[in-house]
$ cat query.cif   # mmCIF, C-alpha atoms and all ligand atoms
data_start
loop_
_atom_site.label_atom_id
_atom_site.label_comp_id
_atom_site.auth_asym_id
_atom_site.auth_seq_id
_atom_site.Cartn_x
_atom_site.Cartn_y
_atom_site.Cartn_z
CA MET U 255 -23.71 97.58 104.57
CA ASP U 256 -21.60 100.42 105.86
CA LYS U 257 -20.95 103.63 103.89
CA ARG U 258 -17.89 102.28 102.08
CA GLY U 259 -19.74 99.27 100.81
CA GLY U 260 -18.28 96.85 103.36
CA ILE U 261 -20.58 94.06 104.42
CA MET U 262 -20.58 95.08 108.09
CA ALA U 263 -19.44 98.26 109.78
CA GLY U 264 -16.06 97.76 111.43
CA ARG U 265 -15.24 94.73 109.35
CA GLY U 266 -13.84 95.36 105.90
CA LEU U 267 -14.81 93.64 102.71
CA ARG U 268 -12.44 90.80 101.71
CA LEU U 269 -12.24 90.00 98.03
CA ILE U 270 -9.94 88.06 95.75
CA ILE U 271 -9.12 89.47 92.33
CA PHE U 272 -8.52 86.45 90.12
CA GLY U 273 -7.21 86.15 86.58
CA PRO U 274 -4.29 85.22 84.35
CA PRO U 275 -1.02 87.17 84.44
CA GLY U 276 -1.48 90.63 82.96
CA SER U 277 -5.27 90.67 83.28
CA GLY U 278 -5.13 93.94 85.26
CA LYS U 279 -5.49 92.49 88.76
CA GLY U 280 -2.98 94.86 90.38
CA THR U 281 -4.23 97.96 88.58
CA HIS U 282 -7.86 97.33 89.41
CA ALA U 283 -7.25 96.14 92.97
CA ALA U 284 -5.63 99.55 93.60
CA ARG U 285 -8.31 101.51 91.71
CA LEU U 286 -11.11 99.87 93.73
CA GLY U 287 -9.65 100.97 97.08
CA PRO U 288 -11.39 104.37 97.31
CA PHE U 289 -14.78 102.84 96.40
CA LEU U 290 -14.64 99.78 98.62
CA GLY U 291 -12.47 101.03 101.50
CA THR U 292 -10.01 98.24 100.80
CA THR U 293 -6.26 97.96 100.83
CA VAL U 294 -4.35 95.63 98.44
CA LEU U 295 -2.43 92.58 99.55
CA SER U 296 -0.26 91.55 96.60
CA THR U 297 2.05 88.60 97.14
CA GLY U 298 3.81 89.37 93.83
CA GLU U 299 4.59 92.91 95.06
CA ILE U 300 5.84 91.62 98.42
CA PHE U 301 8.14 89.15 96.65
CA ARG U 302 9.41 91.68 94.08
CA LYS U 303 10.19 94.15 96.85
CA ALA U 304 12.00 91.45 98.85
CA VAL U 305 14.10 90.56 95.77
CA GLY U 306 14.85 94.27 95.21
CA ASP U 307 15.90 94.71 98.87
CA GLY U 308 18.05 91.57 98.73
CA SER U 309 16.41 90.34 101.97
CA GLY U 310 16.41 86.72 103.17
CA LEU U 311 12.93 86.27 101.72
CA GLY U 312 14.11 87.84 98.46
CA ARG U 313 16.97 85.37 98.16
CA ARG U 314 14.57 82.46 98.70
CA VAL U 315 12.01 83.54 96.07
CA ARG U 316 14.12 85.18 93.38
CA GLU U 317 14.69 82.11 91.21
CA TYR U 318 10.97 81.32 91.10
CA LEU U 319 10.01 84.84 90.07
CA GLU U 320 12.59 85.01 87.33
CA ALA U 321 11.45 81.69 85.88
CA GLY U 322 7.74 82.54 86.18
CA ARG U 323 7.17 79.55 88.48
CA LEU U 324 5.19 79.50 91.71
CA VAL U 325 6.90 80.11 95.04
CA PRO U 326 6.30 77.06 97.33
CA ASP U 327 2.92 77.14 99.10
CA ASP U 328 4.25 77.00 102.67
CA LEU U 329 6.39 80.07 102.18
CA VAL U 330 3.59 82.05 100.49
CA ILE U 331 1.10 81.12 103.21
CA GLU U 332 3.54 82.16 105.94
CA VAL U 333 4.07 85.56 104.29
CA VAL U 334 0.31 86.14 103.92
CA ARG U 335 -0.39 85.05 107.50
CA ARG U 336 2.12 87.62 108.77
CA GLU U 337 0.68 90.40 106.56
CA LEU U 338 -2.86 89.65 107.72
CA GLU U 339 -1.86 89.89 111.36
CA SER U 340 -0.73 93.46 110.78
CA LEU U 341 -3.89 94.39 108.84
CA GLY U 342 -6.42 93.57 111.58
CA ASP U 343 -10.03 94.02 110.36
CA ALA U 344 -9.12 96.10 107.31
CA GLY U 345 -10.92 95.52 104.02
CA ILE U 346 -8.57 93.70 101.64
CA ILE U 347 -8.35 92.79 97.98
CA PHE U 348 -6.04 89.82 97.55
CA ASP U 349 -4.07 90.21 94.32
CA GLY U 350 -2.15 87.19 93.06
CA PHE U 351 -3.11 85.07 96.08
CA PRO U 352 -4.30 82.36 96.44
CA ARG U 353 -2.82 80.67 93.39
CA THR U 354 -3.27 77.01 94.30
CA VAL U 355 -6.07 75.08 95.98
CA ARG U 356 -3.72 74.47 98.93
CA GLN U 357 -3.24 78.20 99.38
CA ALA U 358 -7.02 78.74 99.19
CA GLU U 359 -7.63 76.10 101.86
CA ALA U 360 -5.01 77.70 104.09
CA LEU U 361 -6.59 81.14 103.57
CA ASP U 362 -9.97 79.73 104.61
CA GLY U 363 -8.39 78.84 107.93
CA ILE U 364 -7.13 82.41 108.45
CA THR U 365 -9.90 84.70 107.20
CA ARG U 366 -13.30 84.70 105.50
CA ILE U 367 -13.62 85.70 101.83
CA ASP U 368 -16.72 87.61 100.68
CA GLY U 369 -16.37 87.27 96.92
CA VAL U 370 -14.16 86.87 93.87
CA ILE U 371 -13.63 89.21 90.91
CA ASN U 372 -12.80 87.01 87.93
CA MET U 373 -10.84 88.92 85.25
CA ASP U 374 -11.70 86.65 82.32
CA ILE U 375 -9.66 88.41 79.61
CA PRO U 376 -8.56 86.64 76.39
CA LYS U 377 -4.87 85.84 76.08
CA GLU U 378 -4.42 87.88 72.84
CA THR U 379 -5.68 91.01 74.59
CA ILE U 380 -3.37 90.42 77.53
CA VAL U 381 -0.21 89.76 75.53
CA ARG U 382 -0.68 93.00 73.58
CA ARG U 383 -1.03 94.89 76.83
CA MET U 384 1.70 93.12 78.82
CA THR U 385 4.44 94.13 76.45
CA ALA U 386 3.37 97.77 77.11
CA ARG U 387 3.48 97.40 80.91
CA ARG U 388 6.00 99.41 82.96
CA THR U 389 6.57 99.41 86.73
CA CYS U 390 8.16 102.07 88.95
CA GLU U 391 11.44 100.90 90.47
CA GLY U 392 10.81 103.15 93.47
CA CYS U 393 7.19 102.65 94.59
CA GLY U 394 5.96 99.74 92.43
CA ARG U 395 3.20 101.74 90.72
CA VAL U 396 2.15 100.15 87.44
CA TYR U 397 1.71 102.04 84.13
CA ASN U 398 0.70 100.97 80.65
CA LEU U 399 1.97 102.73 77.57
CA LEU U 400 -1.37 102.05 75.79
CA VAL U 401 -3.72 103.45 78.42
CA LEU U 402 -2.06 104.60 81.62
CA ARG U 403 0.89 106.65 80.41
CA PRO U 404 3.06 108.54 82.91
CA LYS U 405 3.04 112.35 82.55
CA VAL U 406 6.77 112.30 81.69
CA ASP U 407 8.11 109.35 79.64
CA GLY U 408 9.95 106.80 81.76
CA ILE U 409 9.33 108.62 85.07
CA CYS U 410 6.84 107.77 87.85
CA ASP U 411 4.16 110.45 88.49
CA GLU U 412 4.06 109.54 92.19
CA CYS U 413 7.67 109.33 93.30
CA GLY U 414 9.84 110.34 90.32
CA GLY U 415 11.32 106.80 90.16
CA ARG U 416 12.46 105.16 86.93
CA LEU U 417 9.89 103.07 85.01
CA VAL U 418 11.14 99.66 83.96
CA GLN U 419 9.80 96.53 82.30
CA ARG U 420 9.34 93.65 84.72
CA LYS U 421 11.91 90.88 84.22
CA ASP U 422 9.07 88.38 84.00
CA ASP U 423 7.26 90.32 81.25
CA THR U 424 9.46 88.79 78.51
CA PRO U 425 7.67 86.54 75.94
CA GLU U 426 9.19 83.25 77.25
CA VAL U 427 8.38 83.97 80.87
CA ILE U 428 4.89 85.25 79.96
CA GLU U 429 4.22 81.93 78.18
CA GLU U 430 5.39 79.97 81.25
CA ARG U 431 3.26 82.09 83.59
CA PHE U 432 0.17 81.41 81.44
CA ARG U 433 0.90 77.69 81.52
CA VAL U 434 1.29 77.74 85.31
CA PHE U 435 -1.94 79.77 85.63
CA GLN U 436 -3.91 77.33 83.51
CA GLU U 437 -2.58 74.29 85.30
CA GLN U 438 -2.43 75.33 88.96
CA THR U 439 -4.52 78.46 89.46
CA PHE U 440 -7.49 78.12 87.10
CA PRO U 441 -9.02 75.26 89.16
CA LEU U 442 -9.57 77.79 91.97
CA LEU U 443 -12.56 79.23 90.09
CA LYS U 444 -14.46 76.05 90.76
CA TYR U 445 -13.31 76.04 94.38
CA TYR U 446 -14.71 79.53 94.98
CA GLY U 447 -17.70 79.17 92.65
CA SER U 448 -19.40 76.87 95.12
CA ARG U 449 -18.55 79.05 98.14
CA VAL U 450 -18.91 82.79 97.36
CA PRO U 451 -20.27 85.12 94.63
CA VAL U 452 -17.94 85.27 91.60
CA VAL U 453 -18.19 88.45 89.49
CA ARG U 454 -17.02 87.78 85.93
CA ILE U 455 -15.44 90.66 83.97
CA THR U 456 -14.59 90.33 80.31
CA TYR U 457 -13.59 92.54 77.35
CA THR U 458 -11.29 92.24 74.31
CA ASP U 459 -10.04 95.80 73.62
CA PRO U 460 -6.42 96.06 74.93
CA ALA U 461 -6.78 99.86 75.12
CA ILE U 462 -10.04 99.87 77.11
CA ALA U 463 -10.15 102.78 79.59
CA PRO U 464 -9.35 101.65 83.15
CA GLU U 465 -12.33 103.74 84.38
CA ARG U 466 -14.65 101.60 82.28
CA VAL U 467 -13.28 98.40 83.76
CA THR U 468 -13.55 99.79 87.30
CA SER U 469 -17.15 100.65 86.54
CA MET U 470 -17.84 97.13 85.20
CA ILE U 471 -16.38 95.63 88.38
CA LEU U 472 -18.40 97.90 90.68
CA ASP U 473 -21.60 97.10 88.74
CA GLY U 474 -20.87 93.38 89.10
CA LEU U 475 -20.13 93.72 92.82
CA ALA U 476 -23.33 95.74 93.28
CA LYS U 477 -25.38 93.02 91.56
CA ALA U 478 -23.78 90.43 93.83
CA GLY U 479 -24.76 92.53 96.88
CA LEU U 480 -21.13 93.29 97.77
CA TYR U 481 -21.14 97.03 97.03
CA LYS U 482 -23.68 99.82 97.30
CA ARG U 483 -23.00 102.35 94.60
CA GLU U 484 -22.94 105.90 95.94
CA GLN U 485 -23.46 108.59 93.32
CA ALA U 486 -20.35 110.47 94.44
CA GLY U 487 -18.29 107.34 94.09
CA HIS U 488 -19.02 106.74 90.42
CA PRO U 489 -15.73 106.27 88.52
CA LEU U 490 -16.90 107.67 85.16
P1 LIG U 501 2.38 88.50 90.19
O1 LIG U 501 2.85 89.90 90.33
O2 LIG U 501 1.15 88.23 91.03
O3 LIG U 501 2.20 88.07 88.76
O4 LIG U 501 3.51 87.56 90.82
C1 LIG U 501 4.81 87.51 90.30
C2 LIG U 501 5.50 86.20 90.67
O5 LIG U 501 5.56 86.06 92.09
C3 LIG U 501 4.79 84.96 90.19
O6 LIG U 501 5.10 84.62 88.84
C4 LIG U 501 5.30 83.91 91.18
O7 LIG U 501 6.63 83.53 90.88
C5 LIG U 501 5.35 84.71 92.50
N1 LIG U 501 4.07 84.66 93.23
C6 LIG U 501 3.23 85.71 93.50
N2 LIG U 501 2.16 85.32 94.20
C7 LIG U 501 2.29 83.97 94.37
C8 LIG U 501 1.50 82.98 95.01
N3 LIG U 501 0.33 83.28 95.59
N4 LIG U 501 1.97 81.69 94.98
C9 LIG U 501 3.13 81.37 94.41
N5 LIG U 501 3.93 82.26 93.78
C10 LIG U 501 3.52 83.55 93.76
#

$ encode --input "query.cif" --output "structure tokens"
Amino acid sequence: MDKRGGIMAGRGLRLIIFGPPGSGKGTHAARLGPFLGTTVLSTGEIFRKAVGDGSGLGRRVREYLEAGRLVPDDLVIEVVRRELESLGDAGIIFDGFPRTVRQAEALDGITRIDGVINMDIPKETIVRRMTARRTCEGCGRVYNLLVLRPKVDGICDECGGRLVQRKDDTPEVIEERFRVFQEQTFPLLKYYGSRVPVVRITYTDPAIAPERVTSMILDGLAKAGLYKREQAGHPL
């Protein structure tokens, strides 16, 4: 292990953070960066930014995002392949990808995966938290009015951008995204369960402190041999 907890020096750790919509994948993928030396590759963020910029990609994916349906596999895989080329040997946490067995198989052909963090959070907990979620229009940073409040209401701490509710965080779209998760993405757990260590995280309190969850994840990764806890790196 190298100092940042990567499996080998010079080659970063590659993990997938897995879980239903609103289970905190994006938040925790970002929070784990300083401990694991990883960067986040979020397909949802890439697509939302493309839609916001009105780019060619944005025009192709917009309808899917607004309906809470999955963007076609070939397009997602192409986008990830391009991103990975620019990231070299960097440690990565994949957030929101893969979402189908076909995407997972394609990823296996592009890079190795060292482990999976499975955010196994009950739906009731998630729905209570999702309605409190806000995202910065400027930099994409995610807040939660229950636990991760901005310093000034409605304004991003990082860039001063306006905080808005995601268009796909409405009750109808949330329901559809859960259905899609259950049907198309959930089977991936079995796919990875027979290939790499899967660290299961669960809790029911919608207002749980993010530091506690980060700590639970790091403990789980340490037990799986994917992270060496340094005293200075303790999140609590
Ligand atoms: P997320 O932020 O990960 O919840 O993603 C938001 C939306 O982007 C999803 O509801 C899908 O429409 C689309 N999306 C993100 N990642 C993928 C993926 N790996 N495969 C298909 N669609 C995706």

$ residues_near_ligand --input "query.cif" --ligand "ligand LIG 501 (chain U)" --cutoff "8 Å" --atoms "all atoms listed in the file" --output "PyMOL selection string"
chain U and resi 275-276+280+296-299+301-302+315+318-327+330-331+349-354+357+422+431

$ closest_residue --input "query.cif" --among "U:Ser340, U:Ser448, U:Thr389, U:Gln438" --to "Val370 (chain U)" --atoms "only C-alpha atoms"
U:Ser448

$ closest_residue --input "query.cif" --among "U:Gly306, U:Gly312, U:Pro464, U:Gly474" --to "Arg285 (chain U)" --atoms "all atoms listed in the file"
U:Pro464

$ closest_residue --input "query.cif" --among "U:Lys279, U:Lys444, U:Arg314, U:Arg433" --to "Ile347 (chain U)" --atoms "all atoms listed in the file"
U:Lys279

$ atom_distance --input "query.cif" --atom1 "CA of Cys413 (chain U)" --atom2 "CA of Val396 (chain U)"
12.2 Å

$ atom_distance --input "query.cif" --atom1 "CA of Val467 (chain U)" --atom2 "CA of Ala344 (chain U)"
24.0 Å
